[in-house]
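To start, the structure itself, in structure tokens.
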Amino acid sequence: MPPSPSALAGLVVPYLQRQSWFLADMSRYDRGVWATFQLADLEIVADGRPGMASVVVTVGNRPFHVLVGWRDAALAPAMLGDHQGAVLGMCDDGSGEVLCYDALADEELSTGLLAVASAGRESAKRVRLVQSLVSHAALVYDERLFMKSYRVLEPAPRPEIELMERLDEVGFQHTLRPIARWERNGRDLALVREYIPGAVEARLLALTSLRDLLGRSIDDDQVRLEEVGGAGGDLSSEARRLGELTASLHLALAEAFGVLALRDAGAAPGVAIRVHGDYHLRRVFRTDAGWIVGGFGDDPLIGKLGEPDAPREPRFASPLEDLADLSYSLRQVAAEAVAAQPAVTRPRAERLAKAWERRNRGAFLSGYLGVEGVGRLMALNRSEAAEAIKSLVAEREKPA
Amino acid sequence: MVSSSLPVTGDPRWYRRAVFYELLPRGFFDSNADGVGDFEGLRQKLDHLQWLGIDCVWLLPFYPSPLHDGGYDISDFLTVAPDLGSIDDLVALVEDAHRRGIRIISDLVMNHTSDQHPWFSESRSSRDNPKADWYMWADDDHGFADARVIFCDVEPSNWTFDQKRRQYYWHRFFHQQPDLNYENPEVVDAMLGVVRFWLDLGLDGFRLDAIPYLYKAEGTSCENLPATHQLLRRIRAEMDAAYPGRLMLAEVNQWPSVVTEYFGDGDECHMCFNFPLMPRMFMAVRREQRFPITEVLAQTPAIPAGCQWGIFLRNHDELTLEMVTDEERDYMYAEYARDPRMRRNLGIRRRLAPLVDNDRRVAELLYGLLLSLPGSPVLYYGDEILMGDNIYLGDRDGVRTPMQWAPDRNAGFSRADFAQLYLPPLMDPVHGYQAVNVEAQRRDPSSFLHWLRRMLAVRHQYPQFATGSLEVLPADNPSVLAYVRQPGATEVPDAVQPGLDSAAGAAGGPALDNAPDQAGGPGGAGPDAAVLCVSNLSRFAQPVELSLGRWEGCTPIELLGRVPFPRITAKPYSVTLAPYGFYWFEFEER
């Protein structure tokens, strides 16, 4: 006998109110709506001791997902170790007192979660919790599979899931392939993807390159800005490959979602495609086999509580928008590296970083334009595209 | 002195754990003051190799040769060049080396001969002499058009016209090196006779030069053809039957996926060089990121049981850039060969020390990688003291200058007149013999030479470096390369006797004060357990967090100093590394 739904829901609500990810999400709303908690949906995924339930509660129209685990009250504290903050409280499971807690703090239960989320198709021996964000917690299984367990739920399919599945259908290889998806009552609860150990965020490679550049002992008057990236920790060959990856992503998106004529001809002539929409140096990763798109952004919808969520508009835009996003990201990481310099060397660092940005932005664009077939996504020649990106980057830099 | 090497009798798969040392007999030591190094000189210097911890010496070609291609143009396969000594001298060298547990292999060029070889003289003399078909003759130069020209700097075509026979002959390298015709069974028999001749004299095997080109076929690249593999299997079968424990080491400058074909099913070559790995080690250090290395490791397929890669930092050839992309080649030129004189064909002709701007930290890091990545390391003579090069000498001679033994006249290499030397020793103030020589570094316990000897000793104690599996560990910091070497599930640890088969067992000099007493330790440590290697490819200090959950509760012991590090917990394990620093750890349950 598992604990009763009402008992579980009663423990989940105060737990949620202690969670920073919940508070971060709810901070946009009036505290009055906090009283409107409702148990929306509950499934016992593991009966017994230890046991586990997937619990969805809503606040207004906003659904939150918590995985609740329980064990014998006498045994649980030792098992939880450092994770005492994960405790929800005590309840009765029919044969005595059990201690309930966030199941992600329990290795045995979160290992078993993989089988639940993949409907029994996958299993693993080891798990580690790698990330705990507002929208989801991320777990890695056997350094082979990666699970996003969503916290703030959305109607299925979540845009990132839809994107991934459609890209998979058209045979786009350069991403972490979706393996399984856990959906219940029209909401996505978790997504399982392949995991590539050793993949490194592009931002870290960019910082490595900048570190080499800014750490060089060159006399100021010898700095020839065009050549700064020409050696050492040069990123430009990687930036070029990143451009190639981006082009193949856009071609796959165009194949999966179609191509529209751009209505707003003000910006640039050309076509609109389903773009990535949140494309920056933290979204792309270098692996031993080249570059991959790691994720597609997963910010939950922001709407008025109490109103049904508006269906999310698939984002169609000029491919230049993604290129500008990434180029802007190069500028930001260069600024980050400069800001880490002592004030006295900052002016020199700024000049170097500017040249670094120009070099890598150029290499990125060259890589993009060099891919066969990209001409049907963009009617601009190289210098026109460079100009268009430059002005879009400048727009992004303006304070909102 | 305790034997520095594996016993010469015993493990027929010795080459998988051996450290090789490549040397130029002409350039090592001159015993008779004629300006040219010789076998007797090398024999007198075996002490040095034994002290260093070398298991096998690879001799560059010692056959009679007009020396158009560093001796790879052989004019007689069945004797030695007279300036190097006699066959008796060679046999004395082999016997002395074997007594010390050091094996000796030699270069063997099967693909071609010198145009001065009597076989070629006979073959070119007419179109119907007994050896008329021993080489590849044609009336025009149109055949095999799909085969690339390898020495593209100097040879316009693979065909050259011979005035005497009034026909073209095929040569894959210099035109002074006509290719043998292996379609002719007499040629195959003749070469098998050469193989037997040297194995009968006691050589431990061959480094097979230019092996992919033996057979040619119209409409192909004339590389890696099935018939070539068939011939290798035949040679191997013969060696296994009559000469067990001898080595075939192939030079196949191709991608690892192609190279592995030369292992066959374990029935072709015992070893092949891993060419693409080497330039990427340099590239990774210059770019301060691990991907150039991990990328090529990921592309390197598993090899059959009993086989092994040969890996190296530098050798007698240029730093070969055939196995990198054009873009990577441009990068390597910009970084390592700013002066066009440093370039040759598709490569860079430099020694290790000048390649790394004489930075000992980088040299140590690169050796740290070489001695811990999968494969048997091959050292190049002189690199153990970080000798320099002379890019103003022609061809590849810049990296073939005399070994620098001492600060005395002629670098202690020869008592001949300076003008008589086969090549001038280096004399510049940075790399010259007065600054860089064996004698001085033997005296100085903190020298590179002592450091390297210590590293070889540690490597010998841990067979997992030689035969273990490799697993790259994920690390967020792209400048850090971490991997685990672990005996495979099916890997039977070779018959290694810790403390006996390596130099560290010797009551050595001050550098050995920290020598581990025994390779095996309590808990899971020792030759059967995992070894973790963590390297910082950056010239700045770096932190890294590693996920070592598998060894939770164990204490990492740093192998060079036996220093225990903080115990591993369930949390990510934090390691900080000095610029270009690296650690080797084993795990001890305490």
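In the structure tokens, chains take the letters A, B, ... in the order shown, each chain's residues start at 1, and ligands count up from 1 in the order shown.
Every residue of chain A that lies within 6 Å of chain B is listed here, counting only C-alpha atoms: Pro197, Gly198, Val200, Gly232, Gly233 and Asp288 of chain A.
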Save out the residues we just selected, N, CA, C and O atoms, as an mmCIF file, in the first residue's frame.
data_model
loop_
_atom_site.group_PDB
_atom_site.id
_atom_site.type_symbol
_atom_site.label_atom_id
_atom_site.label_comp_id
_atom_site.auth_asym_id
_atom_site.auth_seq_id
_atom_site.Cartn_x
_atom_site.Cartn_y
_atom_site.Cartn_z
ATOM 1 N N PRO A 197 29.993 11.751 -22.958
ATOM 2 C CA PRO A 197 30.926 12.206 -21.925
ATOM 3 C C PRO A 197 32.074 12.981 -22.560
ATOM 4 O O PRO A 197 32.503 12.674 -23.672
ATOM 5 N N GLY A 198 32.529 13.973 -21.859
ATOM 6 C CA GLY A 198 33.686 14.725 -22.353
ATOM 7 C C GLY A 198 33.334 15.844 -23.303
ATOM 8 O O GLY A 198 34.217 16.546 -23.771
ATOM 9 N N VAL A 200 32.405 19.425 -24.339
ATOM 10 C CA VAL A 200 32.721 20.688 -23.664
ATOM 11 C C VAL A 200 31.956 21.834 -24.321
ATOM 12 O O VAL A 200 31.933 21.959 -25.546
ATOM 13 N N GLY A 232 48.669 29.934 -31.633
ATOM 14 C CA GLY A 232 48.407 29.626 -30.233
ATOM 15 C C GLY A 232 47.041 28.996 -30.069
ATOM 16 O O GLY A 232 46.682 28.068 -30.769
ATOM 17 N N GLY A 233 46.291 29.546 -29.150
ATOM 18 C CA GLY A 233 44.981 28.957 -28.873
ATOM 19 C C GLY A 233 43.901 29.444 -29.813
ATOM 20 O O GLY A 233 42.777 29.696 -29.407
ATOM 21 N N ASP A 288 34.460 14.644 -29.138
ATOM 22 C CA ASP A 288 35.593 14.055 -29.838
ATOM 23 C C ASP A 288 35.285 13.829 -31.304
ATOM 24 O O ASP A 288 36.177 13.594 -32.107
#
Near-segment 202-208 of chain B list (10 Å; only C-alpha atoms; drop same-chain fewer than 3 positions) as a ChimeraX atom specification:
/B:8,56-61,90-91,94-95,98,102-111,195-199,211-212,239,243-252,269,271-273
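Nearest-residue note for Phe120 of chain B: choosing from B:Ala138, B:Ala242, B:Ile74, B:Leu84, the minimum distance belongs to B:Ile74, counting only C-alpha atoms.
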Neighbour list for His250 of chain A as a ChimeraX atom specification, cut-off 10 Å, only C-alpha atoms, skip fewer than 3 positions in-chain:
/A:244-247,253-256,273-276,319,322,368,374,377
10 Å contact set for Tyr381 of chain B, only C-alpha atoms, chain neighbours under 3 positions out, as a PyMOL selection string:
chain B and resi 21-24+27-28+49+57+314-316+378+384-387+399-400+402-404
Limited to C-alpha atoms, could you put the picked residues into a file as a PDB file, in the first residue's frame?
ATOM      1  CA  TYR B  21      65.168   3.667 -29.158  1.00  0.00           C
ATOM      2  CA  GLU B  22      65.726   4.644 -32.746  1.00  0.00           C
ATOM      3  CA  LEU B  23      69.258   5.512 -33.753  1.00  0.00           C
ATOM      4  CA  LEU B  24      71.443   6.236 -36.698  1.00  0.00           C
ATOM      5  CA  GLY B  27      75.636   9.181 -35.871  1.00  0.00           C
ATOM      6  CA  PHE B  28      75.916   7.398 -32.548  1.00  0.00           C
ATOM      7  CA  LEU B  49      70.966   2.642 -23.315  1.00  0.00           C
ATOM      8  CA  VAL B  57      67.148  -0.547 -30.394  1.00  0.00           C
ATOM      9  CA  ARG B 314      59.918  12.703 -33.212  1.00  0.00           C
ATOM     10  CA  ASN B 315      61.883  10.439 -35.509  1.00  0.00           C
ATOM     11  CA  HIS B 316      64.441  10.537 -38.291  1.00  0.00           C
ATOM     12  CA  VAL B 378      59.859   4.964 -29.628  1.00  0.00           C
ATOM     13  CA  GLU B 384      66.780  12.063 -24.198  1.00  0.00           C
ATOM     14  CA  ILE B 385      69.092  15.021 -23.662  1.00  0.00           C
ATOM     15  CA  LEU B 386      66.889  17.431 -25.665  1.00  0.00           C
ATOM     16  CA  MET B 387      69.359  17.792 -28.515  1.00  0.00           C
ATOM     17  CA  VAL B 399      67.953  15.904 -37.356  1.00  0.00           C
ATOM     18  CA  ARG B 400      70.770  13.391 -38.000  1.00  0.00           C
ATOM     19  CA  PRO B 402      76.184  13.331 -34.223  1.00  0.00           C
ATOM     20  CA  MET B 403      75.038  12.251 -30.774  1.00  0.00           C
ATOM     21  CA  GLN B 404      76.357  14.693 -28.181  1.00  0.00           C
TER      22      GLN B 404
END
